[in-house]
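Trainee: This structure is in structure tokens; I'll ask about it shortly.
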Amino acid sequence: MSKKTVLVSGGAGFIGSHVTVELIAAGYDVVVADNFSNCDHTCFEGVKKITGREDLPLEVVDFCDAAATDALFAKYPIDAVIHFAAFKAVGESVAEPVKYYKNNLTSFLNVLETAQKRGGCNVLFSSSATVYGEPEKVPVTEQTPRQPATSPYGNTKTMCEDILRDTVKANGGKIKGILLRYFNPIGAHPSALIGELPRGVPNNLVPYITQTAIGKRECLNIFGNDYPTPDGTCQRDFIDIVDLAKAHVYAVTRMVEGKMKQDCEVFNVGTGRPLSVMELVNAFEKVNGVKLNYKFAPRRAGDITAIWADPTLAETEMGWKATRTIEETLKAAWAWECHLAGK
Ligand code: UFG
């Protein structure tokens, strides 16, 4: 069988770069496309080093540009597209909703319109556990009802899920879709050549931890220790970025090999293991032998108390399961921060 080609939109970012590495390792041809609006070339260069693929195609494209999106699909024989290209800062989306709706919806609509014009495609959309809101029951399965989004960012995820479902339905099997709902992706590639590169002050926990440990930030604020959880801090399902990236390979393979049971499917991508913010901080200190300066601070607006995945469906249907331990993941996150600092 000839090699299949996967277009990775937003392929130079944190998740996209790890997915590119795993797709190449699995034997796919990959086209990386990014407009570098929220990342530099560090991860793309890292991907080339890890894979030994100096010739890896890179297209600097803004998917909000319909003509450029069309041209990209005309240039390569694309069997599947994984769509990451999107803005992702929750707080910023509250302050600038138009920017978020315009970018995140337009880029995805352009991909779908092009796919439709070309007679079909396999489309994998990067969704989020944010669609479950504050769940009544944990862990959440794919059947757990979605809840109204609490931010424009979250709403773009819910809306793109619906847009893909409706588009699949209207295209009589020519467009197939998989929605992967990520829990909390953390860590970095074990090579320490690619990882998370937040611009400015990090919003997410693990980059904040590593930047505090390296001395870039003075003190980690733990937002809330009065939640109704065992230790009072929020609980999350922290999923290793390499495990998460592999889930995409399983999903793409399921699509291109015609193994889907429905034309649009949804899978949780998590570990099934809840970990509190405090437990994560303690594990980071222990595994890396560093002392972290932290203090308890008031709750952060919009935070969910506790959410973690029931990942059973991904395992039974796709054969995917998270395998990396939290210790491995936190070691990799620290190695990446040290690599960035040249240490
Ligand atoms: N936290 C801190 N201090 C920090 C940063 C985070 O205590 O400096 C806590 C948060 O309060 C939360 C936990 O660490 O309890 C995890 O926070 P993150 O920001 O790392 O992740 P979230 O669970 O808030 O974010 C995730 C995804 C988003 C998604 C959001 C929706 O990363 O993409 O869930 O709830 F939008």
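Chain identifiers are assigned as A, B, and so on, following the order in which chains appear in the structure tokens; residues are numbered from 1 within each chain, and ligands are numbered from 1 in order of appearance.
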Let me see if you get this right: every residue at most 6 Å from ligand 1, counting only C-alpha atoms and all ligand atoms, written as a list of chain:residue names.
Mentor: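 Here is the list of contacting residues: A:Val90, A:Thr130, A:Gly154, A:Asn184, A:Asn203, A:Asn204, A:Leu205, A:Tyr208, A:Leu220, A:Asn221, A:Ile222, A:Phe223, A:Cys234, A:Val277, A:Arg300, A:Asp303.
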Trainee: Residues of the last selection are to be written out with N, CA and C atoms, as a compact mmCIF listing (two decimals), in the first residue's frame.
Mentor:
# COMPACT_ATOMS: atom_id res chain seq x y z
N VAL A 90 -7.84 30.70 27.14
CA VAL A 90 -9.21 30.86 27.64
C VAL A 90 -9.48 32.33 28.02
N THR A 130 -13.16 20.47 27.75
CA THR A 130 -13.90 21.68 28.12
C THR A 130 -15.39 21.57 27.71
N GLY A 154 -13.89 27.83 24.64
CA GLY A 154 -14.60 26.56 24.83
C GLY A 154 -15.75 26.43 23.84
N ASN A 184 -5.94 17.05 30.00
CA ASN A 184 -4.89 18.08 30.17
C ASN A 184 -3.54 17.59 29.64
N ASN A 203 -0.48 30.24 31.17
CA ASN A 203 -1.79 30.06 31.82
C ASN A 203 -1.87 28.68 32.45
N ASN A 204 -1.23 27.72 31.84
CA ASN A 204 -1.40 26.33 32.26
C ASN A 204 -0.42 25.95 33.36
N LEU A 205 -0.84 24.95 34.12
CA LEU A 205 -0.13 24.60 35.34
C LEU A 205 1.33 24.15 35.12
N TYR A 208 3.87 26.67 34.08
CA TYR A 208 4.09 27.60 35.19
C TYR A 208 5.02 26.97 36.22
N LEU A 220 4.72 29.94 42.20
CA LEU A 220 3.51 29.36 41.61
C LEU A 220 2.33 29.66 42.53
N ASN A 221 1.26 30.18 41.96
CA ASN A 221 0.02 30.32 42.72
C ASN A 221 -0.81 29.08 42.50
N ILE A 222 -1.18 28.42 43.57
CA ILE A 222 -2.12 27.30 43.44
C ILE A 222 -3.50 27.89 43.67
N PHE A 223 -4.29 27.87 42.60
CA PHE A 223 -5.57 28.56 42.64
C PHE A 223 -6.63 27.75 43.39
N CYS A 234 -7.96 21.40 42.86
CA CYS A 234 -8.71 20.84 41.73
C CYS A 234 -8.09 19.52 41.25
N VAL A 277 -3.98 19.15 41.81
CA VAL A 277 -2.91 20.12 41.55
C VAL A 277 -1.79 19.92 42.57
N ARG A 300 -9.37 30.45 40.75
CA ARG A 300 -9.34 31.15 39.46
C ARG A 300 -10.74 31.05 38.85
N ASP A 303 -12.69 27.90 36.75
CA ASP A 303 -12.09 26.57 36.90
C ASP A 303 -13.13 25.52 37.31
Trainee: Can you pull out the residues contacting Asp40 in chain A? Cut-off 9 Å, using only C-alpha atoms, and skip same-chain residues under 3 positions away; I want them as number ranges by chain.
Mentor: A: 12-13, 36-37, 43-44, 197
Trainee: Which residues come within 12 Å of Lys49 in chain A, counting only C-alpha atoms, excluding same-chain residues fewer than 5 positions away, as a list of chain:residue names?
Mentor: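 Using only C-alpha atoms, the neighbours found are A:Ser17, A:Val21, A:Thr42, A:Cys43, A:Phe44, A:Glu54, A:Asp55, A:Leu56, A:Ser191, A:Ala192, A:Leu193, A:Ile194.
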Trainee: Keeping only C-alpha atoms, write the selected residues as a PDB file, in the first residue's frame.
Mentor:
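The resulting selection_15.pdb:
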ATOM      1  CA  SER A  17       4.734  18.838  16.593  1.00  0.00           C
ATOM      2  CA  VAL A  21       6.746  12.922  15.109  1.00  0.00           C
ATOM      3  CA  THR A  42      11.747  25.771  17.532  1.00  0.00           C
ATOM      4  CA  CYS A  43       9.428  22.766  17.529  1.00  0.00           C
ATOM      5  CA  PHE A  44       9.467  22.369  13.759  1.00  0.00           C
ATOM      6  CA  GLU A  54      15.347  17.435   6.968  1.00  0.00           C
ATOM      7  CA  ASP A  55      13.032  17.445   3.947  1.00  0.00           C
ATOM      8  CA  LEU A  56       9.797  17.530   6.000  1.00  0.00           C
ATOM      9  CA  SER A 191      14.443  13.857  23.531  1.00  0.00           C
ATOM     10  CA  ALA A 192      13.748  17.317  25.069  1.00  0.00           C
ATOM     11  CA  LEU A 193      13.865  18.705  21.520  1.00  0.00           C
ATOM     12  CA  ILE A 194      10.174  19.658  21.395  1.00  0.00           C
TER      13      ILE A 194
END
Trainee: Hey, which of A:Phe296, A:Tyr100, A:Tyr28, A:Tyr182 ends up closest to Ala247 in chain A? Count only C-alpha atoms.
Mentor: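 Result for the nearest residue to Ala247 in chain A: A:Tyr182.
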Trainee: Mind the document's chain letters and residue numbers, and return as a PyMOL selection string the residues of range 30-224 of chain A that DSSP labels alpha helix (DSSP H).
Mentor: chain A and resi 42-51+66-75+90-95+97-117+152-170+205-214
Trainee: Residues at most 9 Å from Pro135 in chain A, counting only C-alpha atoms, excluding those fewer than 4 positions away in the same chain, as a list in words?
Mentor: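 Non-adjacent residues within range: Pro139, Val140, Thr144, Pro145, Arg146, Gln147, Ile304, Ala306 and Ile307 of chain A.
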Trainee: Would you please work out which residue, of A:Ala95, A:Lys88, A:Ala245, A:Leu105, is nearest to Ala25 in chain A when using only C-alpha atoms?
Mentor: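 When distances to Ala25 in chain A are compared using only C-alpha atoms, the smallest one comes from A:Ala245.
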Trainee: Applying 7 Å and only C-alpha atoms, which residues near Asn110 in chain A remain after dropping the ones on its own chain fewer than 2 positions away? List them as a list in words.
Mentor: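 Here the answer would be Phe63, Cys64, Ala66, Thr69, Thr106, Ser107, Phe108, Leu112, Glu113 and Thr114 of chain A.
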Trainee: Name the closest residue to Ile178 in chain A among the candidates A:Ala129, A:Val266, A:Ala115, A:Cys121; distances are taken between atoms, counting only C-alpha atoms.
Mentor: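 Closest to Ile178 in chain A, using only C-alpha atoms: A:Val266.
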Trainee: Which of range 41-107 of chain A end up as strand (DSSP E or B) when DSSP is run on this backbone - answer as an mmCIF file with N, CA, C and O atoms, in the first residue's frame?
Mentor:
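Dumped everything to part.cif:
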data_model
loop_
_atom_site.group_PDB
_atom_site.id
_atom_site.type_symbol
_atom_site.label_atom_id
_atom_site.label_comp_id
_atom_site.auth_asym_id
_atom_site.auth_seq_id
_atom_site.Cartn_x
_atom_site.Cartn_y
_atom_site.Cartn_z
ATOM 1 N N LEU A 58 7.050 21.950 4.929
ATOM 2 C CA LEU A 58 6.452 22.973 5.793
ATOM 3 C C LEU A 58 5.763 23.998 4.906
ATOM 4 O O LEU A 58 6.374 24.532 3.977
ATOM 5 N N GLU A 59 4.498 24.243 5.173
ATOM 6 C CA GLU A 59 3.756 25.247 4.427
ATOM 7 C C GLU A 59 3.324 26.343 5.397
ATOM 8 O O GLU A 59 2.638 26.064 6.380
ATOM 9 N N VAL A 60 3.761 27.559 5.124
ATOM 10 C CA VAL A 60 3.341 28.665 5.986
ATOM 11 C C VAL A 60 2.011 29.185 5.446
ATOM 12 O O VAL A 60 1.951 29.867 4.424
ATOM 13 N N ALA A 80 -5.825 12.609 4.893
ATOM 14 C CA ALA A 80 -6.459 13.001 6.154
ATOM 15 C C ALA A 80 -5.888 14.334 6.614
ATOM 16 O O ALA A 80 -4.726 14.647 6.339
ATOM 17 N N VAL A 81 -6.724 15.107 7.287
ATOM 18 C CA VAL A 81 -6.238 16.350 7.869
ATOM 19 C C VAL A 81 -6.501 16.325 9.367
ATOM 20 O O VAL A 81 -7.566 15.886 9.813
ATOM 21 N N ILE A 82 -5.494 16.722 10.121
ATOM 22 C CA ILE A 82 -5.663 16.882 11.565
ATOM 23 C C ILE A 82 -5.627 18.379 11.826
ATOM 24 O O ILE A 82 -4.630 19.043 11.520
ATOM 25 N N HIS A 83 -6.717 18.884 12.367
ATOM 26 C CA HIS A 83 -6.840 20.336 12.485
ATOM 27 C C HIS A 83 -6.565 20.826 13.905
ATOM 28 O O HIS A 83 -7.395 20.674 14.801
#
Trainee: Have a look at A:Ile175, A:Gly302, A:Asp240, A:Gly289 and name the one nearest to Ser151 in chain A; count only C-alpha atoms.
Mentor: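 Counting only C-alpha atoms, the residue closest to Ser151 in chain A is A:Gly302.
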Trainee: Name the closest residue to Gly173 in chain A among the candidates A:Gly119, A:Gly46, A:Gly16, A:Gly215; distances are taken between atoms, counting only C-alpha atoms.
Mentor: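 Of A:Gly119, A:Gly46, A:Gly16, A:Gly215, the one nearest Gly173 in chain A, counting only C-alpha atoms, is A:Gly119.
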Trainee: For range 315-320 of chain A, please output as a list in words all residues within 10 Å (counting only C-alpha atoms; exclusion window: fewer than 2 positions along the same chain).
Mentor: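 Skipping anything fewer than 2 positions along the chain leaves Asp243, Leu244, Lys246, Ala247, His248, Val249, Tyr250, Ala251, Thr253, Arg254, Lys259, Met260, Lys261, Phe267, Asn268, Val269, Pro311, Thr312, Leu313, Ala322 and Thr323 of chain A.
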Trainee: Could you please take those selected residues and save N, CA and C atoms as a PDB file, in the first residue's frame?
Mentor:
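After the write, selection-v5.pdb holds the following:
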ATOM      1  N   ASP A 243       1.792  10.175  24.661  1.00  0.00           N
ATOM      2  CA  ASP A 243       0.618   9.296  24.645  1.00  0.00           C
ATOM      3  C   ASP A 243      -0.511   9.923  23.831  1.00  0.00           C
ATOM      4  N   LEU A 244      -0.754  11.195  24.084  1.00  0.00           N
ATOM      5  CA  LEU A 244      -1.821  11.899  23.376  1.00  0.00           C
ATOM      6  C   LEU A 244      -1.555  11.929  21.869  1.00  0.00           C
ATOM      7  N   LYS A 246       0.104   9.786  20.165  1.00  0.00           N
ATOM      8  CA  LYS A 246      -0.121   8.447  19.592  1.00  0.00           C
ATOM      9  C   LYS A 246      -1.598   8.178  19.341  1.00  0.00           C
ATOM     10  N   ALA A 247      -2.453   8.741  20.162  1.00  0.00           N
ATOM     11  CA  ALA A 247      -3.900   8.556  19.946  1.00  0.00           C
ATOM     12  C   ALA A 247      -4.295   9.042  18.550  1.00  0.00           C
ATOM     13  N   HIS A 248      -3.612  10.079  18.078  1.00  0.00           N
ATOM     14  CA  HIS A 248      -3.914  10.607  16.734  1.00  0.00           C
ATOM     15  C   HIS A 248      -3.529   9.622  15.642  1.00  0.00           C
ATOM     16  N   VAL A 249      -2.439   8.905  15.869  1.00  0.00           N
ATOM     17  CA  VAL A 249      -2.012   7.912  14.875  1.00  0.00           C
ATOM     18  C   VAL A 249      -3.068   6.796  14.796  1.00  0.00           C
ATOM     19  N   TYR A 250      -3.531   6.358  15.949  1.00  0.00           N
ATOM     20  CA  TYR A 250      -4.573   5.324  15.965  1.00  0.00           C
ATOM     21  C   TYR A 250      -5.834   5.827  15.258  1.00  0.00           C
ATOM     22  N   ALA A 251      -6.180   7.071  15.525  1.00  0.00           N
ATOM     23  CA  ALA A 251      -7.412   7.622  14.941  1.00  0.00           C
ATOM     24  C   ALA A 251      -7.287   7.790  13.427  1.00  0.00           C
ATOM     25  N   THR A 253      -5.291   6.161  11.436  1.00  0.00           N
ATOM     26  CA  THR A 253      -5.235   4.828  10.834  1.00  0.00           C
ATOM     27  C   THR A 253      -6.638   4.235  10.732  1.00  0.00           C
ATOM     28  N   ARG A 254      -7.413   4.430  11.776  1.00  0.00           N
ATOM     29  CA  ARG A 254      -8.803   3.950  11.767  1.00  0.00           C
ATOM     30  C   ARG A 254      -9.585   4.579  10.607  1.00  0.00           C
ATOM     31  N   LYS A 259     -11.923   1.693   9.031  1.00  0.00           N
ATOM     32  CA  LYS A 259     -12.353   0.878  10.167  1.00  0.00           C
ATOM     33  C   LYS A 259     -13.379   1.576  11.074  1.00  0.00           C
ATOM     34  N   MET A 260     -13.830   2.739  10.654  1.00  0.00           N
ATOM     35  CA  MET A 260     -14.766   3.454  11.523  1.00  0.00           C
ATOM     36  C   MET A 260     -16.121   2.765  11.532  1.00  0.00           C
ATOM     37  N   LYS A 261     -16.773   2.811  12.686  1.00  0.00           N
ATOM     38  CA  LYS A 261     -18.106   2.198  12.774  1.00  0.00           C
ATOM     39  C   LYS A 261     -19.198   3.207  12.455  1.00  0.00           C
ATOM     40  N   PHE A 267     -13.892  10.356  20.737  1.00  0.00           N
ATOM     41  CA  PHE A 267     -13.142   9.612  21.764  1.00  0.00           C
ATOM     42  C   PHE A 267     -12.532  10.562  22.794  1.00  0.00           C
ATOM     43  N   ASN A 268     -12.636  10.157  24.040  1.00  0.00           N
ATOM     44  CA  ASN A 268     -11.887  10.848  25.091  1.00  0.00           C
ATOM     45  C   ASN A 268     -10.424  10.445  24.986  1.00  0.00           C
ATOM     46  N   VAL A 269      -9.538  11.407  25.191  1.00  0.00           N
ATOM     47  CA  VAL A 269      -8.117  11.090  25.238  1.00  0.00           C
ATOM     48  C   VAL A 269      -7.578  11.538  26.604  1.00  0.00           C
ATOM     49  N   PRO A 311     -11.480   6.530  29.645  1.00  0.00           N
ATOM     50  CA  PRO A 311     -10.894   6.357  28.312  1.00  0.00           C
ATOM     51  C   PRO A 311     -11.163   4.977  27.696  1.00  0.00           C
ATOM     52  N   THR A 312     -12.135   4.254  28.252  1.00  0.00           N
ATOM     53  CA  THR A 312     -12.385   2.874  27.811  1.00  0.00           C
ATOM     54  C   THR A 312     -12.645   2.768  26.310  1.00  0.00           C
ATOM     55  N   LEU A 313     -13.441   3.694  25.787  1.00  0.00           N
ATOM     56  CA  LEU A 313     -13.843   3.570  24.378  1.00  0.00           C
ATOM     57  C   LEU A 313     -12.632   3.617  23.440  1.00  0.00           C
ATOM     58  N   ALA A 322      -3.181   5.232  27.328  1.00  0.00           N
ATOM     59  CA  ALA A 322      -2.029   5.983  27.853  1.00  0.00           C
ATOM     60  C   ALA A 322      -1.115   5.019  28.604  1.00  0.00           C
ATOM     61  N   THR A 323       0.189   5.152  28.392  1.00  0.00           N
ATOM     62  CA  THR A 323       1.118   4.216  29.036  1.00  0.00           C
ATOM     63  C   THR A 323       2.175   4.901  29.895  1.00  0.00           C
TER      64      THR A 323
END
Trainee: So that I can check the surroundings of Cys338 in chain A, please list as an NGL selection string every protein, DNA and RNA residue that reaches within 10 Å of it, counting only C-alpha atoms and ignoring chain neighbours fewer than 6 positions away.
Mentor: :A and (192 or 210-211 or 213-214 or 332)
Trainee: With distances taken over only C-alpha atoms, which of A:Leu180, A:Val138, A:Cys264, A:Leu109 is nearest to Phe125 in chain A?
Mentor: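 So, comparing all the options, the nearest one is A:Leu180.
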Trainee: What does the distance between CA of Ser128 in chain A and CA of Asn104 in chain A come to in Å, to one decimal place?
Mentor: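 Separating CA of Ser128 in chain A from CA of Asn104 in chain A is a distance of 13.6 Å.
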Trainee: Kindly give the distance, in Å, that separates CA of Thr5 in chain A and CA of Gly187 in chain A, rounded to a single decimal.
Mentor: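 If I compute the distance from CA of Thr5 in chain A to CA of Gly187 in chain A, I get 27.0 Å.
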